[in-house]
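See below for final03.txt, which holds compact mmCIF, C-alpha atoms.
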```
# COMPACT_ATOMS: atom_id res chain seq x y z
CA MET A 948 6.72 -9.93 -16.95
CA ARG A 949 3.24 -9.66 -18.47
CA THR A 950 0.52 -7.17 -17.58
CA PHE A 951 -3.15 -6.56 -18.28
CA GLN A 952 -5.83 -4.19 -17.03
CA THR A 953 -8.61 -5.09 -14.59
CA PRO A 954 -11.50 -3.16 -13.08
CA ILE A 955 -11.44 -2.76 -9.29
CA GLY A 956 -14.38 -3.81 -7.11
CA VAL A 957 -14.41 -2.55 -3.52
CA SER A 958 -16.17 -4.86 -1.03
CA CYS A 959 -17.69 -3.11 1.96
CA ARG A 960 -18.24 -5.27 5.08
CA HIS A 961 -21.02 -7.78 4.43
CA ILE A 962 -22.51 -11.07 5.51
CA HIS A 963 -23.45 -14.29 3.71
CA LEU A 964 -26.12 -16.28 5.59
CA SER A 965 -27.08 -19.95 5.55
CA GLU A 966 -30.76 -20.87 4.93
CA GLU A 967 -31.00 -21.87 8.59
CA HIS A 968 -29.73 -18.48 9.77
CA ILE A 969 -31.96 -16.56 7.34
CA GLU A 970 -34.97 -18.33 8.86
CA ALA A 971 -33.71 -17.79 12.42
CA LEU A 972 -33.40 -14.03 11.79
CA PHE A 973 -36.35 -13.37 9.48
CA GLY A 974 -38.83 -16.21 10.06
CA GLU A 975 -39.65 -19.61 8.57
CA GLY A 976 -39.57 -19.80 4.78
CA TYR A 977 -38.29 -16.22 4.43
CA ARG A 978 -36.75 -15.27 1.07
CA LEU A 979 -34.18 -12.47 0.82
CA THR A 980 -35.07 -9.53 -1.46
CA LYS A 981 -32.61 -8.73 -4.23
CA LYS A 982 -31.53 -5.06 -4.26
CA LYS A 983 -28.94 -5.21 -7.05
CA ASP A 984 -26.73 -7.64 -8.92
CA LEU A 985 -23.02 -7.75 -8.12
CA SER A 986 -20.15 -8.10 -10.59
CA GLN A 987 -19.98 -11.90 -10.29
CA PRO A 988 -22.97 -13.59 -12.03
CA GLY A 989 -25.63 -14.90 -9.61
CA GLN A 990 -24.35 -12.85 -6.66
CA TYR A 991 -26.51 -10.00 -5.39
CA ALA A 992 -26.86 -7.44 -2.60
CA CYS A 993 -30.09 -7.76 -0.61
CA GLU A 994 -32.43 -5.11 0.73
CA GLU A 995 -32.04 -6.71 4.18
CA THR A 996 -29.27 -5.73 6.59
CA VAL A 997 -28.12 -6.98 10.00
CA THR A 998 -26.33 -5.56 13.03
CA LEU A 999 -23.03 -7.23 13.91
CA VAL A 1000 -22.30 -7.42 17.65
CA GLY A 1001 -18.78 -8.13 18.91
CA PRO A 1002 -17.16 -8.03 22.36
CA LYS A 1003 -16.10 -4.36 21.97
CA GLY A 1004 -18.80 -2.79 19.82
CA ASP A 1005 -21.40 -3.23 17.14
CA ILE A 1006 -21.88 -2.22 13.50
CA PRO A 1007 -25.44 -1.60 12.24
CA ARG A 1008 -26.76 -1.78 8.66
CA VAL A 1009 -24.41 -4.49 7.38
CA ARG A 1010 -25.60 -5.68 3.97
CA ILE A 1011 -26.60 -9.30 3.38
CA LEU A 1012 -25.30 -10.76 0.11
CA GLY A 1013 -27.25 -13.54 -1.60
CA PRO A 1014 -27.84 -16.27 -2.44
CA ALA A 1015 -27.74 -18.31 0.78
CA ARG A 1016 -24.54 -20.27 1.44
CA SER A 1017 -23.90 -23.59 3.17
CA GLU A 1018 -22.26 -21.72 6.07
CA SER A 1019 -22.70 -18.13 7.25
CA GLN A 1020 -19.65 -15.89 6.73
CA VAL A 1021 -18.89 -12.29 7.70
CA GLU A 1022 -16.33 -10.36 5.63
CA LEU A 1023 -14.79 -7.38 7.40
CA ALA A 1024 -12.04 -4.84 6.89
CA PHE A 1025 -9.56 -4.72 9.80
CA THR A 1026 -11.04 -1.32 10.75
CA ASP A 1027 -14.39 -3.08 11.27
CA ALA A 1028 -12.81 -6.03 13.13
CA PHE A 1029 -11.09 -3.65 15.59
CA LYS A 1030 -14.37 -1.84 16.22
CA LEU A 1031 -16.10 -5.15 17.00
CA GLY A 1032 -13.14 -6.37 19.06
CA LEU A 1033 -12.47 -9.41 16.88
CA GLN A 1034 -9.14 -10.93 15.91
CA THR A 1035 -9.96 -11.93 12.35
CA PRO A 1036 -7.61 -13.96 10.14
CA VAL A 1037 -6.96 -13.03 6.50
CA ARG A 1038 -8.56 -15.81 4.45
CA ASP A 1039 -9.91 -16.72 1.06
CA SER A 1040 -13.69 -16.90 1.06
CA GLY A 1041 -15.13 -20.14 2.48
CA ASN A 1042 -12.05 -20.97 4.58
CA LEU A 1043 -13.45 -20.34 8.06
CA GLU A 1044 -11.28 -22.62 10.22
CA GLU A 1045 -10.33 -20.94 13.50
CA SER A 1046 -12.13 -17.71 12.56
CA PRO A 1047 -13.90 -15.94 15.44
CA GLY A 1048 -17.65 -15.97 15.91
CA LEU A 1049 -19.95 -13.07 16.78
CA GLU A 1050 -23.61 -12.19 17.27
CA VAL A 1051 -25.90 -11.16 14.43
CA GLN A 1052 -29.08 -9.17 15.16
CA VAL A 1053 -32.15 -8.23 13.16
CA GLY A 1054 -34.71 -6.34 15.24
CA ASP A 1055 -35.34 -8.48 18.35
CA LYS A 1056 -34.00 -11.66 16.74
CA LYS A 1057 -30.43 -12.69 17.45
CA ILE A 1058 -28.19 -15.58 16.41
CA THR A 1059 -24.68 -16.50 17.52
CA LEU A 1060 -22.15 -17.62 14.93
CA ASP A 1061 -19.53 -19.94 16.44
CA ARG A 1062 -17.14 -18.94 13.68
CA GLY A 1063 -17.17 -17.10 10.36
CA ALA A 1064 -15.62 -13.62 10.67
CA ILE A 1065 -12.73 -13.13 8.26
CA VAL A 1066 -10.82 -10.42 6.45
CA ALA A 1067 -10.95 -11.51 2.81
CA LEU A 1068 -7.67 -12.12 1.04
CA ARG A 1069 -7.45 -9.65 -1.86
CA HIS A 1070 -8.31 -11.59 -5.01
CA LEU A 1071 -8.75 -11.42 -8.76
CA HIS A 1072 -11.81 -13.04 -10.37
CA LEU A 1073 -11.41 -14.46 -13.88
CA SER A 1074 -13.50 -16.67 -16.15
CA GLU A 1075 -11.79 -19.82 -17.47
CA GLU A 1076 -11.48 -18.15 -20.85
CA GLN A 1077 -9.94 -14.97 -19.39
CA ALA A 1078 -7.53 -17.06 -17.30
CA ALA A 1079 -6.43 -19.01 -20.39
CA THR A 1080 -5.91 -15.76 -22.31
CA TYR A 1081 -3.60 -14.41 -19.61
CA GLY A 1082 -1.90 -17.74 -18.82
CA LEU A 1083 -3.28 -17.88 -15.28
CA LYS A 1084 -4.89 -20.69 -13.28
CA ASP A 1085 -6.94 -20.90 -10.07
CA LYS A 1086 -4.88 -20.20 -6.90
CA ASP A 1087 -2.03 -18.46 -8.75
CA ILE A 1088 -0.63 -15.39 -7.00
CA VAL A 1089 -0.15 -12.12 -8.89
CA LYS A 1090 0.58 -8.47 -8.09
CA VAL A 1091 -1.69 -5.53 -8.91
CA LEU A 1092 -0.51 -1.96 -9.53
CA VAL A 1093 -2.81 0.96 -8.68
CA ASP A 1094 -1.91 4.44 -9.97
CA GLY A 1095 -2.56 7.79 -8.31
CA CYS A 1096 -1.12 9.94 -5.51
CA ARG A 1097 -1.88 7.15 -3.02
CA GLY A 1098 -0.95 4.40 -5.49
CA GLY A 1099 1.26 1.36 -5.10
CA VAL A 1100 1.41 -2.36 -5.67
CA PHE A 1101 -0.63 -5.04 -3.89
CA HIS A 1102 1.34 -8.27 -3.47
CA ASN A 1103 -0.19 -11.69 -2.75
CA VAL A 1104 -3.30 -11.29 -4.87
CA LEU A 1105 -5.09 -14.65 -5.09
CA VAL A 1106 -6.35 -15.68 -8.55
CA ARG A 1107 -9.82 -17.25 -8.51
CA VAL A 1108 -11.01 -18.91 -11.72
CA LYS A 1109 -14.51 -20.27 -12.38
CA PRO A 1110 -16.40 -20.65 -15.67
CA ASN A 1111 -18.97 -18.00 -14.77
CA TYR A 1112 -16.64 -15.47 -13.08
CA THR A 1113 -15.91 -12.16 -14.73
CA LEU A 1114 -12.73 -10.09 -14.52
CA ASP A 1115 -12.70 -8.03 -11.30
CA PHE A 1116 -10.06 -7.24 -8.66
CA HIS A 1117 -11.67 -7.37 -5.20
CA ILE A 1118 -10.27 -5.40 -2.29
CA ASP A 1119 -11.80 -4.28 1.00
CA THR A 1120 -12.49 -0.71 2.14
CA ASP A 1121 -9.19 -0.40 4.05
CA GLU A 1122 -7.28 -1.40 0.94
CA ALA A 1123 -9.34 0.91 -1.27
CA ASN A 1124 -8.89 3.85 1.11
CA ALA A 1125 -5.16 3.20 1.47
CA PHE A 1126 -4.76 3.42 -2.31
CA GLY A 1127 -7.38 6.08 -3.02
CA ALA A 1128 -9.23 3.55 -5.22
CA LYS A 1129 -12.95 3.09 -5.83
CA THR A 1130 -15.19 0.59 -7.60
CA GLY A 1131 -14.87 0.98 -11.36
CA ASP A 1132 -11.31 2.32 -11.30
CA TRP A 1133 -8.78 0.35 -13.33
CA ALA A 1134 -5.60 -1.34 -12.15
CA THR A 1135 -2.75 -3.29 -13.77
CA VAL A 1136 -2.26 -6.99 -13.06
CA ILE A 1137 1.44 -7.93 -13.04
CA ILE A 1138 2.45 -11.53 -13.76
CA GLU A 1139 6.10 -12.18 -12.99
CA ASP A 1140 7.33 -15.18 -14.99
CA MET B 551 18.32 0.68 -6.77
CA ARG B 552 19.26 1.12 -3.11
CA THR B 553 17.32 -0.07 -0.07
CA PHE B 554 17.36 0.34 3.70
CA GLN B 555 15.13 -0.65 6.60
CA THR B 556 12.80 1.70 8.48
CA PRO B 557 10.43 1.25 11.41
CA ILE B 558 6.74 1.87 10.68
CA GLY B 559 4.69 4.34 12.73
CA VAL B 560 0.90 4.15 12.37
CA SER B 561 -0.90 7.47 12.91
CA CYS B 562 -4.45 7.15 14.20
CA ARG B 563 -6.76 10.12 13.52
CA HIS B 564 -5.68 13.10 15.61
CA ILE B 565 -5.84 16.88 15.94
CA HIS B 566 -3.24 19.61 16.34
CA LEU B 567 -4.67 22.76 17.95
CA SER B 568 -3.59 26.39 17.89
CA GLU B 569 -3.13 28.22 21.24
CA GLU B 570 -6.29 30.19 20.45
CA HIS B 571 -8.33 27.02 19.91
CA ILE B 572 -6.90 25.32 23.02
CA GLU B 573 -8.11 28.28 25.08
CA ALA B 574 -11.49 28.33 23.33
CA LEU B 575 -12.05 24.65 24.15
CA PHE B 576 -10.41 24.35 27.57
CA GLY B 577 -10.33 27.89 29.03
CA GLU B 578 -7.97 30.83 29.21
CA GLY B 579 -4.33 29.96 29.84
CA TYR B 580 -4.98 26.21 29.65
CA ARG B 581 -1.95 23.97 29.14
CA LEU B 582 -2.29 20.53 27.52
CA THR B 583 -1.18 17.53 29.60
CA LYS B 584 1.47 15.29 28.06
CA LYS B 585 0.45 11.60 28.01
CA LYS B 586 3.42 10.19 26.09
CA ASP B 587 6.21 11.20 23.75
CA LEU B 588 5.90 10.36 20.05
CA SER B 589 8.67 9.12 17.76
CA GLN B 590 9.61 12.62 16.54
CA PRO B 591 11.43 14.62 19.25
CA GLY B 592 9.27 17.30 20.93
CA GLN B 593 5.98 15.82 19.67
CA TYR B 594 3.64 14.23 22.20
CA ALA B 595 0.18 12.74 22.64
CA CYS B 596 -1.97 14.58 25.20
CA GLU B 597 -4.36 13.26 27.84
CA GLU B 598 -7.04 15.51 26.34
CA THR B 599 -9.30 14.40 23.50
CA VAL B 600 -11.98 16.10 21.40
CA THR B 601 -15.09 15.05 19.47
CA LEU B 602 -15.01 15.78 15.74
CA VAL B 603 -18.39 16.73 14.24
CA GLY B 604 -18.96 16.61 10.49
CA PRO B 605 -22.04 16.93 8.29
CA LYS B 606 -22.72 13.16 8.33
CA GLY B 607 -21.50 11.99 11.73
CA ASP B 608 -19.13 12.48 14.61
CA ILE B 609 -16.08 10.74 16.07
CA PRO B 610 -15.49 10.95 19.84
CA ARG B 611 -12.22 10.56 21.75
CA VAL B 612 -9.89 11.96 19.08
CA ARG B 613 -6.44 12.48 20.58
CA ILE B 614 -4.85 15.95 20.68
CA LEU B 615 -1.15 16.02 19.73
CA GLY B 616 1.10 18.70 21.19
CA PRO B 617 2.70 21.15 21.21
CA ALA B 618 0.32 23.84 19.90
CA ARG B 619 0.67 24.79 16.24
CA SER B 620 0.18 28.07 14.42
CA GLU B 621 -2.96 26.65 12.78
CA SER B 622 -5.27 23.82 13.89
CA GLN B 623 -5.13 20.70 11.72
CA VAL B 624 -7.10 17.44 11.75
CA GLU B 625 -5.46 14.33 10.26
CA LEU B 626 -7.90 11.60 9.24
CA ALA B 627 -7.91 8.28 7.42
CA PHE B 628 -10.40 8.17 4.53
CA THR B 629 -12.54 5.79 6.63
CA ASP B 630 -12.86 8.60 9.23
CA ALA B 631 -13.50 11.27 6.58
CA PHE B 632 -16.37 9.22 5.08
CA LYS B 633 -17.91 8.77 8.53
CA LEU B 634 -17.78 12.54 9.13
CA GLY B 635 -19.01 13.28 5.60
CA LEU B 636 -15.92 15.26 4.60
CA GLN B 637 -14.15 15.34 1.25
CA THR B 638 -10.58 15.56 2.47
CA PRO B 639 -7.58 16.08 0.16
CA VAL B 640 -4.37 14.05 0.53
CA ARG B 641 -1.76 16.54 1.72
CA ASP B 642 1.57 16.89 3.44
CA SER B 643 1.21 18.24 6.97
CA GLY B 644 0.71 22.02 7.19
CA ASN B 645 -0.65 22.37 3.64
CA LEU B 646 -4.27 23.17 4.42
CA GLU B 647 -5.36 25.14 1.35
CA GLU B 648 -8.87 24.19 0.22
CA SER B 649 -9.20 21.55 2.95
CA PRO B 650 -12.68 21.26 4.51
CA GLY B 651 -13.54 22.60 7.95
CA LEU B 652 -15.51 20.90 10.70
CA GLU B 653 -16.68 21.38 14.29
CA VAL B 654 -14.59 20.39 17.29
CA GLN B 655 -16.26 19.76 20.67
CA VAL B 656 -15.04 19.36 24.23
CA GLY B 657 -17.88 18.98 26.72
CA ASP B 658 -20.19 21.96 26.14
CA LYS B 659 -17.52 24.00 24.32
CA LYS B 660 -17.46 24.01 20.54
CA ILE B 661 -15.31 25.66 17.87
CA THR B 662 -15.67 25.69 14.12
CA LEU B 663 -12.61 25.24 11.95
CA ASP B 664 -13.00 26.94 8.56
CA ARG B 665 -10.44 24.54 7.13
CA GLY B 666 -7.88 22.00 8.32
CA ALA B 667 -9.12 18.43 7.71
CA ILE B 668 -6.67 16.43 5.60
CA VAL B 669 -5.59 12.86 4.88
CA ALA B 670 -1.84 12.92 5.45
CA LEU B 671 0.41 11.98 2.55
CA ARG B 672 2.39 8.87 3.59
CA HIS B 673 5.86 10.09 4.52
CA LEU B 674 9.29 9.07 5.76
CA HIS B 675 10.96 11.07 8.54
CA LEU B 676 14.77 11.31 8.49
CA SER B 677 17.36 13.37 10.32
CA GLU B 678 19.80 15.34 8.16
CA GLU B 679 22.50 12.81 9.02
CA GLN B 680 20.29 9.85 8.09
CA ALA B 681 19.25 11.55 4.85
CA ALA B 682 22.91 12.15 3.93
CA THR B 683 23.75 8.51 4.69
CA TYR B 684 21.05 7.28 2.32
CA GLY B 685 21.54 9.99 -0.33
CA LEU B 686 18.10 11.51 0.21
CA LYS B 687 16.90 15.10 0.57
CA ASP B 688 13.71 16.80 1.80
CA LYS B 689 10.74 16.36 -0.60
CA ASP B 690 12.27 13.38 -2.44
CA ILE B 691 9.80 10.61 -3.31
CA VAL B 692 10.61 6.97 -2.51
CA LYS B 693 8.80 3.63 -2.41
CA VAL B 694 8.39 1.45 0.67
CA LEU B 695 7.97 -2.34 0.64
CA VAL B 696 5.99 -4.05 3.41
CA ASP B 697 6.23 -7.85 3.75
CA GLY B 698 3.53 -10.26 4.91
CA CYS B 699 0.40 -11.93 3.58
CA ARG B 700 -1.17 -8.48 3.03
CA GLY B 701 2.13 -6.94 1.91
CA GLY B 702 2.96 -4.75 -1.04
CA VAL B 703 4.68 -1.54 -2.06
CA PHE B 704 3.63 2.02 -1.21
CA HIS B 705 4.46 4.44 -4.01
CA ASN B 706 4.70 8.24 -3.62
CA VAL B 707 6.20 8.28 -0.14
CA LEU B 708 7.27 11.84 0.70
CA VAL B 709 10.70 12.26 2.31
CA ARG B 710 10.77 14.78 5.17
CA VAL B 711 14.18 15.82 6.50
CA LYS B 712 14.84 17.98 9.57
CA PRO B 713 17.84 18.05 11.91
CA ASN B 714 15.86 16.66 14.87
CA TYR B 715 13.73 14.09 13.00
CA THR B 716 14.33 10.39 13.52
CA LEU B 717 13.85 7.56 11.03
CA ASP B 718 10.16 6.54 10.89
CA PHE B 719 7.73 5.69 8.07
CA HIS B 720 4.34 7.25 8.84
CA ILE B 721 1.12 5.78 7.46
CA ASP B 722 -2.50 6.12 8.54
CA THR B 723 -4.78 3.38 9.90
CA ASP B 724 -6.30 2.58 6.48
CA GLU B 725 -2.83 2.07 5.05
CA ALA B 726 -1.72 0.01 8.06
CA ASN B 727 -4.83 -2.18 7.92
CA ALA B 728 -4.54 -2.65 4.15
CA PHE B 729 -0.99 -3.98 4.60
CA GLY B 730 -1.47 -5.78 7.93
CA ALA B 731 1.18 -3.48 9.44
CA LYS B 732 1.48 -2.06 12.94
CA THR B 733 3.67 0.45 14.76
CA GLY B 734 7.12 -1.02 15.33
CA ASP B 735 7.06 -3.34 12.30
CA TRP B 736 9.88 -2.87 9.83
CA ALA B 737 9.66 -2.01 6.13
CA THR B 738 12.13 -1.56 3.26
CA VAL B 739 12.69 1.85 1.68
CA ILE B 740 13.39 1.53 -2.06
CA ILE B 741 15.32 4.32 -3.81
CA GLU B 742 15.25 3.97 -7.59
CA ASP B 743 18.19 5.80 -9.11
```
Can you turn what I pasted into structure tokens?
Amino acid sequence: MRTFQTPIGVSCRHIHLSEEHIEALFGEGYRLTKKKDLSQPGQYACEETVTLVGPKGDIPRVRILGPARSESQVELAFTDAFKLGLQTPVRDSGNLEESPGLEVQVGDKKITLDRGAIVALRHLHLSEEQAATYGLKDKDIVKVLVDGCRGGVFHNVLVRVKPNYTLDFHIDTDEANAFGAKTGDWATVIIED
Amino acid sequence: MRTFQTPIGVSCRHIHLSEEHIEALFGEGYRLTKKKDLSQPGQYACEETVTLVGPKGDIPRVRILGPARSESQVELAFTDAFKLGLQTPVRDSGNLEESPGLEVQVGDKKITLDRGAIVALRHLHLSEEQAATYGLKDKDIVKVLVDGCRGGVFHNVLVRVKPNYTLDFHIDTDEANAFGAKTGDWATVIIED
């Protein structure tokens, strides 16, 4: 067994939009406004937010993350999915097959996504160099230990390796609340040989 | 290491009220109406609900659990506490020292609790006979393994033993959502000798 430390990044519910959907919601040629950079290089939170509308309820002020993607995607915690009335699968980002759709509103503009709502599979970002250092490769599965009075071990943590990624363990708000963890806390990655 | 199986019981946010507070909210001599029995003998969900009001928001339709207690107590998930704007400690039931207060509304009646809002420490109920069978005693700490694609291990699970308790592992909705678990699922108690 080998271990190393990683920072934790907590992802609140958010939406990635395609260029087409950005224009449908904000107008032709609209460019999103960067609010702040996120831990992974090139990714940023935008000033703009949307309202998510599901069959059982809606959630206002949901942050848009940039840049635009090829397909719009909504990442929810199960708590959010229940509020909206959606049966969301647990998926790695970008895998939207058989995920439910929902409506997305900005002011009086509204679009309907045919699919795209998922609960993100907990995952560990690593650069290629960091992965090599720890003997990990893309799509490996590891465990992550979180200390504290609500601590425990997350199983089935997906390893995601890209040259420009930086070390960060991403969990959603349900997972963070269950473990009493917050962004910037540290956790221990466990690799069972 | 020894292990055994336990059912999981997911506790949604709820309130226990004192006789005095039941009368303040519903009228003199009022008796709560049982809706359904809970897993622990003598405990029941009531037809009546309240609205919780905190400094940052409110949550309607919060179930009252009976029977009346000596002191009112509100059990929340952290997701609920954030919505209300409360800084709630993680506590075993009944330990309300330095827990925040909040307002509780029913129709046009309102009471203010000076304290009583907690996030319940995850815990395992056992009868005295079950505890003896598994070599456990009240206030022991165990771990609990939950299987599945969002599975993992809960550390710091408090053992609660009383003659009339029945085997059940109680977690809140954040914990259930983080692990993809629901009431009636089974988990594995791990006792490390």
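Residues in contact range of Phe951 (chain A), defined as at most 8 Å between all atoms listed in the file, with sequence neighbours fewer than 5 positions away removed, read Tyr1081, Thr1135, Val1136 and Ile1137 of chain A.
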Straight-line distance linking CA of Gln952 (chain A) with CA of Thr629 (chain B), stated in Å to one decimal: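 CA of Gln952 (chain A) sits 26.5 Å away from CA of Thr629 (chain B).
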Residues of chain B within 10 Å of chain A, counting all atoms listed in the file - could you list those as a PDB file with C-alpha atoms, in the frame of the given file?
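Generated file (selection21.pdb):
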```pdb
ATOM      1  CA  ALA B 627      -7.910   8.280   7.420  1.00  0.00           C
ATOM      2  CA  PHE B 628     -10.400   8.170   4.530  1.00  0.00           C
ATOM      3  CA  THR B 629     -12.540   5.790   6.630  1.00  0.00           C
ATOM      4  CA  VAL B 640      -4.370  14.050   0.530  1.00  0.00           C
ATOM      5  CA  ARG B 641      -1.760  16.540   1.720  1.00  0.00           C
ATOM      6  CA  LEU B 671       0.410  11.980   2.550  1.00  0.00           C
ATOM      7  CA  ARG B 672       2.390   8.870   3.590  1.00  0.00           C
ATOM      8  CA  LYS B 693       8.800   3.630  -2.410  1.00  0.00           C
ATOM      9  CA  VAL B 694       8.390   1.450   0.670  1.00  0.00           C
ATOM     10  CA  LEU B 695       7.970  -2.340   0.640  1.00  0.00           C
ATOM     11  CA  VAL B 696       5.990  -4.050   3.410  1.00  0.00           C
ATOM     12  CA  ASP B 697       6.230  -7.850   3.750  1.00  0.00           C
ATOM     13  CA  GLY B 698       3.530 -10.260   4.910  1.00  0.00           C
ATOM     14  CA  CYS B 699       0.400 -11.930   3.580  1.00  0.00           C
ATOM     15  CA  ARG B 700      -1.170  -8.480   3.030  1.00  0.00           C
ATOM     16  CA  GLY B 701       2.130  -6.940   1.910  1.00  0.00           C
ATOM     17  CA  GLY B 702       2.960  -4.750  -1.040  1.00  0.00           C
ATOM     18  CA  VAL B 703       4.680  -1.540  -2.060  1.00  0.00           C
ATOM     19  CA  PHE B 704       3.630   2.020  -1.210  1.00  0.00           C
ATOM     20  CA  HIS B 705       4.460   4.440  -4.010  1.00  0.00           C
ATOM     21  CA  ASN B 706       4.700   8.240  -3.620  1.00  0.00           C
ATOM     22  CA  VAL B 707       6.200   8.280  -0.140  1.00  0.00           C
ATOM     23  CA  ILE B 721       1.120   5.780   7.460  1.00  0.00           C
ATOM     24  CA  ASP B 722      -2.500   6.120   8.540  1.00  0.00           C
ATOM     25  CA  THR B 723      -4.780   3.380   9.900  1.00  0.00           C
ATOM     26  CA  ASP B 724      -6.300   2.580   6.480  1.00  0.00           C
ATOM     27  CA  GLU B 725      -2.830   2.070   5.050  1.00  0.00           C
ATOM     28  CA  ALA B 726      -1.720   0.010   8.060  1.00  0.00           C
ATOM     29  CA  ASN B 727      -4.830  -2.180   7.920  1.00  0.00           C
ATOM     30  CA  ALA B 728      -4.540  -2.650   4.150  1.00  0.00           C
ATOM     31  CA  PHE B 729      -0.990  -3.980   4.600  1.00  0.00           C
ATOM     32  CA  GLY B 730      -1.470  -5.780   7.930  1.00  0.00           C
TER      33      GLY B 730
END
```
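Closest approach to Phe632 (chain B) among B:Lys606, B:His571, B:Arg710, B:Lys732: B:Lys606, based on only C-alpha atoms.
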Of the listed residues B:Ser620, B:Gln590, B:Ser677, B:Thr662, that which approaches Leu602 (chain B) most closely, counting only C-alpha atoms: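 Of B:Ser620, B:Gln590, B:Ser677, B:Thr662, the one nearest Leu602 (chain B) is B:Thr662, counting only C-alpha atoms.
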Which of B:Val709, B:Ile558, B:Met551, B:Glu653 sits closest to Ala737 (chain B) [using all atoms listed in the file]: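 Checking each of B:Val709, B:Ile558, B:Met551, B:Glu653 against Ala737 (chain B), counting all atoms listed in the file, the winner is B:Ile558.
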Spatial neighbours of Lys1056 (chain A), 12 Å, all atoms listed in the file, chain gap at least 5 places, as a PyMOL selection string: chain A and resi 968-974+997-998+1050-1051
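The spacing separating CA of Lys687 (chain B) from CA of Ser649 (chain B) amounts to 27.0 Å.
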Between CA of Ala1078 (chain A) and CA of Val957 (chain A) - distance in Å to one decimal: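 CA of Val957 (chain A) sits 21.2 Å away from CA of Ala1078 (chain A).
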Which residues, written as a PDB file with C-alpha atoms, in the coordinates of the input, have at least one atom at most 8 Å from Asp1027 (chain A), with all atoms listed in the file counted and residues fewer than 3 positions away on the same chain left out?
```pdb
ATOM      1  CA  ARG A 960     -18.240  -5.270   5.080  1.00  0.00           C
ATOM      2  CA  ILE A1006     -21.880  -2.220  13.500  1.00  0.00           C
ATOM      3  CA  LEU A1023     -14.790  -7.380   7.400  1.00  0.00           C
ATOM      4  CA  ALA A1024     -12.040  -4.840   6.890  1.00  0.00           C
ATOM      5  CA  LYS A1030     -14.370  -1.840  16.220  1.00  0.00           C
ATOM      6  CA  LEU A1031     -16.100  -5.150  17.000  1.00  0.00           C
TER       7      LEU A1031
END
```
Neighbour residues at most 12 Å from (-11.4, -20.5, -20.0) (only C-alpha atoms) as a PyMOL selection string: chain A and resi 1073-1085+1108-1114
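If all atoms listed in the file are the atoms counted, then among B:Gln637, B:Arg665, B:Gly579, B:Ile565 the closest residue to Pro617 (chain B) is B:Ile565.
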Residue neighbourhood Lys983 (chain A), 12 Å, all atoms listed in the file, exclusion window fewer than 2 positions, as a VMD selection string: chain A and resid 979 to 981 985 to 995 1010 to 1013
